[in-house]
file final29.cif (mmCIF, C-alpha atoms (C1' of nucleotides))
data_data
#
loop_
_atom_site.label_atom_id
_atom_site.label_comp_id
_atom_site.auth_asym_id
_atom_site.auth_seq_id
_atom_site.Cartn_x
_atom_site.Cartn_y
_atom_site.Cartn_z
CA MET E 17 10.16 56.62 3.16
CA PRO E 18 8.71 57.33 -0.18
CA THR E 19 9.62 53.94 -1.53
CA SER E 20 10.82 51.66 1.23
CA ALA E 21 7.51 51.09 2.92
CA GLU E 22 5.77 49.73 -0.14
CA LYS E 23 7.19 46.25 -0.28
CA THR E 24 5.99 43.70 2.19
CA PRO E 25 7.75 40.42 1.45
CA ALA E 26 6.73 39.04 4.86
CA ARG E 27 8.88 36.11 5.67
CA TRP E 28 6.07 33.66 6.24
CA GLU E 29 4.77 34.08 2.73
CA SER E 30 6.97 31.33 1.41
CA LEU E 31 6.00 28.76 3.99
CA PRO E 32 4.18 25.78 2.52
CA SER E 33 1.47 25.95 5.14
CA TRP E 34 0.85 29.59 4.29
CA LEU E 35 0.84 29.04 0.56
CA LEU E 36 -1.46 26.11 1.04
CA THR E 37 -4.01 27.76 3.27
CA GLN E 38 -4.08 31.00 1.30
CA THR E 39 -4.40 29.28 -2.03
CA ALA E 40 -7.08 27.12 -0.50
CA ASN E 41 -8.91 30.27 0.52
CA HIS E 42 -8.93 31.44 -3.05
CA ALA E 43 -10.07 28.03 -4.21
CA HIS E 44 -12.77 28.01 -1.61
CA ARG E 45 -13.88 31.46 -2.56
CA LEU E 46 -14.04 30.59 -6.23
CA VAL E 47 -16.09 27.49 -5.62
CA ALA E 48 -18.29 29.05 -2.97
CA GLU E 49 -19.15 31.93 -5.27
CA ALA E 50 -19.97 29.56 -8.07
CA PHE E 51 -22.13 27.47 -5.77
CA SER E 52 -23.89 30.38 -4.17
CA SER E 53 -24.90 31.61 -7.61
CA VAL E 54 -27.34 28.71 -7.59
CA GLY E 55 -28.08 28.94 -3.88
CA ALA E 56 -25.85 26.15 -2.66
CA ARG E 57 -22.71 25.67 -0.63
CA GLY E 58 -20.03 23.03 -0.26
CA TYR E 59 -21.91 20.68 2.01
CA HIS E 60 -24.82 20.58 -0.39
CA TYR E 61 -22.69 19.49 -3.29
CA ARG E 62 -20.92 16.87 -1.26
CA LEU E 63 -24.20 15.47 -0.08
CA LEU E 64 -25.82 15.39 -3.48
CA ALA E 65 -22.76 13.84 -5.09
CA THR E 66 -22.46 11.20 -2.40
CA LEU E 67 -26.12 10.40 -2.75
CA GLU E 68 -25.87 9.92 -6.47
CA GLU E 69 -22.79 7.80 -6.09
CA CYS E 70 -23.92 5.51 -3.31
CA GLY E 71 -27.67 5.68 -3.53
CA PRO E 72 -30.09 6.39 -0.69
CA ALA E 73 -28.60 6.05 2.75
CA SER E 74 -29.04 7.08 6.35
CA GLN E 75 -27.71 10.42 7.51
CA ALA E 76 -24.97 8.84 9.54
CA ALA E 77 -23.78 6.75 6.60
CA LEU E 78 -23.90 9.79 4.35
CA GLY E 79 -21.96 11.78 6.85
CA ARG E 80 -19.22 9.20 7.03
CA ARG E 81 -18.97 8.86 3.29
CA SER E 82 -19.00 12.57 2.60
CA GLY E 83 -16.84 13.54 5.55
CA ILE E 84 -19.46 15.80 7.03
CA HIS E 85 -19.85 15.87 10.77
CA LEU E 86 -23.06 14.30 12.02
CA SER E 87 -23.91 17.51 13.83
CA ASP E 88 -23.88 19.42 10.58
CA MET E 89 -25.83 16.85 8.61
CA VAL E 90 -29.13 17.87 10.13
CA ALA E 91 -28.98 21.44 8.86
CA ALA E 92 -27.56 20.48 5.49
CA VAL E 93 -30.22 17.85 4.89
CA ASN E 94 -32.89 20.23 6.09
CA GLU E 95 -31.77 22.85 3.63
CA LEU E 96 -31.73 20.38 0.78
CA ALA E 97 -35.06 18.92 1.80
CA ASP E 98 -36.62 22.39 1.99
CA ARG E 99 -35.72 22.90 -1.65
CA GLU E 100 -36.92 19.40 -2.43
CA LEU E 101 -33.57 18.36 -3.81
CA VAL E 102 -33.57 15.45 -1.43
CA GLU E 103 -36.13 13.34 0.37
CA ARG E 104 -36.09 12.27 3.99
CA ALA E 105 -38.04 9.15 4.80
CA PRO E 106 -38.04 6.93 7.86
CA ASP E 107 -36.37 3.55 7.46
CA PRO E 108 -39.01 0.89 8.10
CA SER E 109 -36.39 -1.66 9.03
CA ASP E 110 -34.63 0.54 11.57
CA ARG E 111 -36.63 3.26 13.19
CA ARG E 112 -33.56 5.17 14.28
CA ARG E 113 -32.73 6.02 10.73
CA ASN E 114 -33.86 8.43 8.11
CA ILE E 115 -33.25 7.35 4.58
CA ILE E 116 -32.15 10.22 2.40
CA SER E 117 -32.63 9.97 -1.31
CA LEU E 118 -32.03 12.15 -4.30
CA THR E 119 -34.95 13.70 -6.17
CA ALA E 120 -35.06 14.52 -9.85
CA ALA E 121 -34.63 18.18 -9.01
CA GLY E 122 -31.68 17.25 -6.85
CA LYS E 123 -30.06 15.48 -9.75
CA ARG E 124 -30.55 18.53 -11.93
CA GLN E 125 -29.06 20.73 -9.26
CA LEU E 126 -26.12 18.37 -9.03
CA ARG E 127 -25.52 18.77 -12.76
CA GLN E 128 -25.53 22.53 -12.30
CA LEU E 129 -23.09 22.35 -9.44
CA GLU E 130 -20.77 20.08 -11.36
CA LYS E 131 -20.71 22.52 -14.21
CA LYS E 132 -19.87 25.36 -11.85
CA LEU E 133 -17.28 23.23 -10.15
CA ALA E 134 -15.51 22.37 -13.35
CA ALA E 135 -15.34 26.01 -14.34
CA GLY E 136 -13.94 26.75 -10.90
CA GLN E 137 -11.16 24.20 -11.31
CA ASP E 138 -10.15 25.81 -14.50
CA GLU E 139 -10.07 29.25 -13.03
CA LEU E 140 -8.13 27.95 -10.08
CA LEU E 141 -5.44 26.29 -12.17
CA ALA E 142 -5.39 28.92 -14.86
CA PRO E 143 -1.72 29.81 -14.56
CA LEU E 144 -0.55 26.19 -14.80
CA SER E 145 0.18 24.14 -17.89
CA PRO E 146 -1.54 20.77 -18.30
CA GLU E 147 1.57 18.92 -17.16
CA GLU E 148 1.97 21.19 -14.20
CA ARG E 149 -1.64 20.69 -13.26
CA GLN E 150 -1.11 17.00 -13.25
CA ARG E 151 2.00 17.14 -11.14
CA PHE E 152 0.30 19.55 -8.80
CA THR E 153 -2.69 17.35 -8.15
CA GLU E 154 -0.46 14.33 -7.83
CA LEU E 155 1.63 15.96 -5.13
CA LEU E 156 -1.46 17.18 -3.36
CA SER E 157 -2.98 13.73 -3.46
CA ARG E 158 0.06 12.22 -1.86
CA LEU E 159 0.02 14.80 0.90
CA LEU E 160 -3.66 14.48 1.58
CA ASP E 161 -3.46 10.73 1.53
CA HIS E 162 -0.65 10.74 4.01
CA HIS E 163 -2.45 12.96 6.46
CA THR E 164 -5.93 11.51 6.23
CA ARG E 165 -4.45 8.06 6.63
CA ARG E 166 -2.81 9.15 9.84
CA THR E 167 -5.65 11.00 11.49
CA GLY E 168 -8.84 11.07 9.56
CA THR E 169 -9.86 7.49 9.01
CA PRO E 170 -11.53 6.01 12.03
CA ASP E 171 -14.07 4.21 9.88
CA GLU E 172 -12.08 1.08 9.05
CA PRO E 173 -13.49 -1.92 10.86
CA TRP E 174 -9.95 -3.19 10.79
CA ARG E 175 -10.95 -6.70 10.61
CA MET H 2 -21.80 -6.92 -4.64
CA PRO H 3 -21.58 -8.02 -1.13
CA THR H 4 -18.43 -6.00 -0.92
CA SER H 5 -19.07 -3.02 -3.16
CA ALA H 6 -20.49 -0.80 -0.45
CA GLU H 7 -17.21 -0.47 1.37
CA LYS H 8 -15.28 1.62 -1.08
CA THR H 9 -16.05 5.28 -1.37
CA PRO H 10 -13.84 6.76 -4.04
CA ALA H 11 -16.13 9.78 -4.24
CA ARG H 12 -15.63 11.48 -7.52
CA TRP H 13 -14.87 14.87 -6.13
CA GLU H 14 -11.87 13.58 -4.26
CA SER H 15 -9.62 14.14 -7.21
CA LEU H 16 -10.67 17.72 -7.84
CA PRO H 17 -7.88 20.21 -7.28
CA SER H 18 -10.09 22.45 -5.21
CA TRP H 19 -10.95 19.55 -2.95
CA LEU H 20 -7.38 18.36 -2.61
CA LEU H 21 -6.33 21.88 -1.91
CA THR H 22 -8.86 22.75 0.74
CA GLN H 23 -8.60 19.43 2.52
CA THR H 24 -4.84 19.44 2.56
CA ALA H 25 -5.00 23.02 3.75
CA ASN H 26 -7.23 21.87 6.59
CA HIS H 27 -4.60 19.43 7.67
CA ALA H 28 -1.93 22.09 7.38
CA HIS H 29 -4.04 24.49 9.35
CA ARG H 30 -4.71 21.92 12.02
CA LEU H 31 -1.04 21.07 12.34
CA VAL H 32 -0.02 24.68 12.70
CA ALA H 33 -2.92 25.63 14.95
CA GLU H 34 -2.13 22.80 17.31
CA ALA H 35 1.50 23.78 17.42
CA PHE H 36 0.58 27.39 18.08
CA SER H 37 -2.03 26.64 20.68
CA SER H 38 0.52 24.62 22.61
CA VAL H 39 2.01 27.99 23.53
CA GLY H 40 -1.33 29.78 23.73
CA ALA H 41 -1.29 31.46 20.35
CA ARG H 42 -3.10 31.32 17.05
CA GLY H 43 -2.41 32.29 13.48
CA TYR H 44 -3.19 35.97 13.81
CA HIS H 45 -0.81 36.31 16.70
CA TYR H 46 2.09 34.92 14.77
CA ARG H 47 1.34 37.04 11.75
CA LEU H 48 1.18 40.14 13.87
CA LEU H 49 4.35 39.46 15.80
CA ALA H 50 6.24 38.58 12.64
CA THR H 51 5.04 41.67 10.84
CA LEU H 52 5.97 43.81 13.79
CA GLU H 53 9.47 42.45 13.92
CA GLU H 54 9.85 42.87 10.21
CA CYS H 55 8.49 46.37 9.79
CA GLY H 56 8.87 47.83 13.22
CA PRO H 57 6.22 49.64 15.27
CA ALA H 58 3.19 50.74 13.30
CA SER H 59 -0.44 51.68 13.62
CA GLN H 60 -3.06 48.98 13.73
CA ALA H 61 -4.36 49.84 10.30
CA ALA H 62 -0.90 49.67 8.77
CA LEU H 63 -0.21 46.40 10.52
CA GLY H 64 -3.46 45.00 9.29
CA ARG H 65 -2.67 45.89 5.71
CA ARG H 66 0.79 44.43 5.89
CA SER H 67 -0.24 41.23 7.58
CA GLY H 68 -3.46 40.74 5.66
CA ILE H 69 -5.59 40.82 8.77
CA HIS H 70 -8.91 42.58 8.58
CA LEU H 71 -9.12 45.81 10.55
CA SER H 72 -12.10 44.46 12.46
CA ASP H 73 -10.06 41.55 13.70
CA MET H 74 -7.05 43.59 14.65
CA VAL H 75 -8.62 44.92 17.82
CA ALA H 76 -9.13 41.51 19.37
CA ALA H 77 -5.79 40.17 18.19
CA VAL H 78 -3.88 43.16 19.52
CA ASN H 79 -5.82 43.02 22.76
CA GLU H 80 -4.92 39.40 23.24
CA LEU H 81 -1.27 40.09 22.57
CA ALA H 82 -1.27 43.18 24.77
CA ASP H 83 -2.90 41.26 27.62
CA ARG H 84 0.02 38.89 27.57
CA GLU H 85 2.39 41.81 27.23
CA LEU H 86 3.85 40.52 24.01
CA VAL H 87 3.04 43.83 22.42
CA GLU H 88 2.59 47.40 23.49
CA ARG H 89 -0.14 49.78 22.47
CA ALA H 90 0.68 53.46 22.72
CA PRO H 91 -1.07 56.53 21.35
CA ASP H 92 0.62 58.23 18.43
CA PRO H 93 1.45 61.80 19.51
CA SER H 94 1.52 63.01 15.94
CA ASP H 95 -1.90 61.60 15.02
CA ARG H 96 -4.34 61.05 17.81
CA ARG H 97 -6.41 58.64 15.78
CA ARG H 98 -3.65 56.09 15.82
CA ASN H 99 -2.28 53.56 18.23
CA ILE H 100 1.31 52.61 17.73
CA ILE H 101 1.88 48.93 18.32
CA SER H 102 5.34 47.74 19.16
CA LEU H 103 6.97 44.45 20.02
CA THR H 104 8.15 43.77 23.56
CA ALA H 105 11.05 41.57 24.55
CA ALA H 106 8.61 38.90 25.63
CA GLY H 107 6.89 39.22 22.28
CA LYS H 108 10.15 38.59 20.52
CA ARG H 109 10.75 35.51 22.60
CA GLN H 110 7.27 34.26 21.85
CA LEU H 111 7.91 34.87 18.17
CA ARG H 112 10.99 32.67 18.37
CA GLN H 113 8.88 29.94 19.95
CA LEU H 114 6.24 30.21 17.30
CA GLU H 115 8.79 30.07 14.54
CA LYS H 116 10.21 26.90 15.97
CA LYS H 117 6.77 25.36 16.12
CA LEU H 118 6.02 26.56 12.63
CA ALA H 119 9.12 25.00 11.17
CA ALA H 120 8.30 21.68 12.78
CA GLY H 121 4.83 21.94 11.33
CA GLN H 122 6.16 22.47 7.81
CA ASP H 123 8.19 19.36 8.11
CA GLU H 124 5.32 17.31 9.32
CA LEU H 125 3.15 18.70 6.57
CA LEU H 126 5.57 17.85 3.79
CA ALA H 127 6.76 14.60 5.30
CA PRO H 128 5.83 12.36 2.38
CA LEU H 129 7.63 14.54 -0.18
CA SER H 130 11.25 14.45 -1.22
CA PRO H 131 13.25 17.68 -1.11
CA GLU H 132 12.90 18.17 -4.86
CA GLU H 133 9.20 17.51 -4.69
CA ARG H 134 8.83 19.96 -1.86
CA GLN H 135 10.49 22.59 -3.93
CA ARG H 136 8.34 21.96 -6.97
CA PHE H 137 5.28 21.90 -4.79
CA THR H 138 5.92 25.26 -3.17
CA GLU H 139 6.86 26.71 -6.51
CA LEU H 140 3.59 25.66 -8.09
CA LEU H 141 1.66 26.91 -5.09
CA SER H 142 3.43 30.23 -5.23
CA ARG H 143 2.50 30.70 -8.85
CA LEU H 144 -1.13 29.92 -8.11
CA LEU H 145 -1.35 32.14 -5.09
CA ASP H 146 0.40 34.93 -6.88
CA HIS H 147 -1.99 34.74 -9.77
CA HIS H 148 -5.06 34.91 -7.60
CA THR H 149 -3.97 37.51 -5.10
CA ARG H 150 -2.89 39.68 -7.97
CA ARG H 151 -6.36 39.45 -9.44
CA THR H 152 -8.48 39.94 -6.40
CA GLY H 153 -6.59 40.40 -3.20
CA THR H 154 -4.62 43.56 -3.77
CA PRO H 155 -6.80 46.60 -3.34
CA ASP H 156 -3.94 48.45 -1.70
CA GLU H 157 -2.30 49.61 -4.89
CA PRO H 158 -2.81 53.32 -5.31
CA TRP H 159 -3.01 52.64 -9.04
CA ARG H 160 -2.02 56.14 -9.42
"C1'" DC T 30 -14.85 76.21 6.85
"C1'" DA T 31 -16.83 72.04 5.17
"C1'" DC T 32 -16.25 67.82 3.38
"C1'" DA T 33 -13.80 63.50 2.50
"C1'" DA T 34 -10.85 60.14 4.13
"C1'" DT T 35 -8.67 57.53 7.78
"C1'" DC T 36 -8.36 55.21 12.41
"C1'" DG T 37 -9.94 52.38 16.04
"C1'" DT T 38 -13.77 50.00 17.71
"C1'" DT T 39 -18.09 47.29 18.30
"C1'" DA T 40 -21.14 44.09 16.73
"C1'" DG T 41 -22.60 41.16 13.76
"C1'" DT T 42 -22.47 37.05 9.57
"C1'" DC T 43 -20.75 32.96 7.17
"C1'" DG T 44 -18.53 28.43 6.29
"C1'" DT T 45 -16.11 24.56 7.83
"C1'" DC T 46 -14.83 21.75 11.50
"C1'" DC T 47 -15.47 19.86 16.00
"C1'" DG T 48 -17.15 18.25 20.84
"C1'" DA T 49 -20.75 17.30 24.49
"C1'" DA T 50 -24.96 15.73 25.56
"C1'" DC T 51 -29.56 13.40 25.25
"C1'" DG T 52 -33.65 10.47 23.97
"C1'" DG T 53 -34.81 6.82 21.13
"C1'" DT T 54 -33.63 2.46 18.91
"C1'" DT T 55 -31.31 -1.87 17.88
"C1'" DC T 56 -28.09 -5.61 18.75
"C1'" DG T 57 -25.02 -8.90 21.12
"C1'" DT T 58 -24.48 -11.55 25.24
"C1'" DT T 59 -25.68 -13.67 28.72
"C1'" DA P 10 -36.13 -12.44 27.87
"C1'" DA P 11 -33.37 -8.85 29.69
"C1'" DC P 12 -29.55 -5.80 29.94
"C1'" DG P 13 -25.92 -3.08 28.55
"C1'" DA P 14 -23.32 -1.51 24.66
"C1'" DA P 15 -23.42 0.64 20.49
"C1'" DC P 16 -25.58 3.47 17.20
"C1'" DC P 17 -28.88 7.18 15.17
"C1'" DG P 18 -30.65 11.74 14.80
"C1'" DT P 19 -30.78 16.07 16.99
"C1'" DT P 20 -29.63 20.27 19.48
"C1'" DC P 21 -26.46 23.39 21.37
"C1'" DG P 22 -22.29 25.67 21.42
"C1'" DG P 23 -17.38 26.84 20.37
"C1'" DA P 24 -12.95 27.80 17.50
"C1'" DC P 25 -10.94 29.97 13.69
"C1'" DG P 26 -10.39 32.73 9.70
"C1'" DA P 27 -12.54 35.95 6.67
"C1'" DC P 28 -15.73 39.54 5.96
"C1'" DT P 29 -19.55 43.63 6.30
"C1'" DA P 30 -21.75 47.54 8.39
"C1'" DA P 31 -21.80 51.20 11.14
"C1'" DC P 32 -20.14 54.90 14.34
"C1'" DG P 33 -17.34 58.53 16.86
"C1'" DA P 34 -13.17 60.75 16.73
"C1'" DT P 35 -9.57 62.75 14.22
"C1'" DT P 36 -7.02 64.29 10.17
"C1'" DG P 37 -6.29 66.53 5.87
"C1'" DT P 38 -7.75 69.02 1.76
"C1'" DG P 39 -10.37 71.49 -1.43
#

call {"tool": "encode", "arguments": {"input": "final29.cif", "output": "structure tokens"}}
result
Amino acid sequence: MPTSAEKTPARWESLPSWLLTQTANHAHRLVAEAFSSVGARGYHYRLLATLEECGPASQAALGRRSGIHLSDMVAAVNELADRELVERAPDPSDRRRNIISLTAAGKRQLRQLEKKLAAGQDELLAPLSPEERQRFTELLSRLLDHHTRRTGTPDEPWR
Amino acid sequence: MPTSAEKTPARWESLPSWLLTQTANHAHRLVAEAFSSVGARGYHYRLLATLEECGPASQAALGRRSGIHLSDMVAAVNELADRELVERAPDPSDRRRNIISLTAAGKRQLRQLEKKLAAGQDELLAPLSPEERQRFTELLSRLLDHHTRRTGTPDEPWR
DNA sequence: CACAATCGTTAGTCGTCCGAACGGTTCGTT
DNA sequence: AACGAACCGTTCGGACGACTAACGATTGTG
């Protein structure tokens, strides 16, 4: 079998779910490496970005907006607070809450992460032409929208 | 802005890497749920499919062909062997190796998993037209190909 | 023969996602 | 005013996929 054993077409390799999850792994790896080069990971970026976008908020609110599970917020906020990228202060008007806010250093870090992120996108989409990139993200958006709408949005007060 | 706090467009939500990983999560969830309904997970399917495709082989060879890390093969094969979907026998010609082979029950299970998988694909791509599905998988294939070619293929003997 | 490479195995890590539980706090109703 | 429901932060743990390090046993090769 000098030559026959080499090829491994593997029939599942053309399945959308396979293509999707594997490509996502590469994407994740690219971004994670970029982030870790400045000592951060995905949750940190999401948190910082959400904070800048919506302003100071409680952990629960941040979690909902950034899609991070409440259970994981504690550690993520701790890590950010340890590096003083974020500040945790009690809410005087509701003693259950901590109000998380972005520090100047946090904002700088966010700029760094955004730079890394942008580079990552480019590396990720390298083999695609601008038009293809657009179609790709458009299709992805439709898919994601469809599925989050069906399962992932229990926040609507539906009223 | 009594109403401005509701919306959370979140600027990262249009990034390809985000769309990709999130959509992949949904895909993974769909497939995992389908698999777990017959007591299996991704590794099991990959192993069974590879076995059927390439015939009996050592764990290391199987791992290479199915993209499963050697360290994770032990557990996966154990789980399959416990359910008698697979057989582990010593290789007489090389006592380091175990030869893994598919049982009749394993083949039946594989059929089940394939059925589940196909249903999952359909659910995943539900919002897309047939043409869109094709373009989508084509773009994904190009991306995945590009990235695995660059990083994921240390098997080449590059002789 | 001695050394390098391979095989199976064990035991960990990491990141993302998720569920269960609990004490403390606030709010809506009565 | 009081009570129960709902919410907040927190801790613990688990699933899954991917990955690293190390080790004994075996093999093949210089």

call {"tool": "closest_atom_pairs", "arguments": {"input": "final29.cif", "of": "chain P", "to": "chain H", "cutoff": "10 Å", "atoms": "all atoms listed in the file", "output": "Markdown table"}}
result
| residue | atom | partner | partner_atom | distance |
| --- | --- | --- | --- | --- |
| P:DC25 | C1' | H:Arg42 | CA | 8.6 |
| P:DG26 | C1' | H:Gly43 | CA | 8.8 |
| P:DA27 | C1' | H:His70 | CA | 7.8 |
| P:DC28 | C1' | H:His70 | CA | 7.9 |
| P:DT29 | C1' | H:Ser72 | CA | 9.7 |
| P:DA34 | C1' | H:Arg97 | CA | 7.1 |
| P:DT35 | C1' | H:Arg97 | CA | 5.4 |
| P:DT36 | C1' | H:Asp95 | CA | 7.5 |

call {"tool": "resolve_selection", "arguments": {"input": "final29.cif", "expression": "the PyMOL selection byres ((chain E and resi 128-138) around 12)", "output": "PyMOL selection string"}}
result
(chain E and resi 40+42-65+121-127+139-146+149+153) or (chain H and resi 12-13+15-21+144)

call {"tool": "atom_distance", "arguments": {"input": "final29.cif", "atom1": "atom C1' of P:DC21", "atom2": "atom C1' of T:DG41"}}
result
19.7 Å

call {"tool": "resolve_selection", "arguments": {"input": "final29.cif", "expression": "the PyMOL selection byres ((chain T) within 9 of (chain H))", "output": "list in words"}}
result
DT35, DC36, DG37, DT38 and DT39 of chain T

call {"tool": "residues_around", "arguments": {"input": "final29.cif", "residues": "stretch 107-109 of chain E", "least_positions_apart": "5", "cutoff": "12 Å", "atoms": "all atoms listed in the file", "output": "PyMOL selection string"}}
result
(chain E and resi 72-75+114-117) or (chain T and resi 54-55) or (chain P and resi 17)

call {"tool": "atom_distance", "arguments": {"input": "final29.cif", "atom1": "atom CA of E:Glu148", "atom2": "atom CA of E:Thr164"}}
result
23.9 Å

call {"tool": "atom_distance", "arguments": {"input": "final29.cif", "atom1": "atom CA of E:Arg166", "atom2": "atom CA of E:Gly71"}}
result
28.4 Å
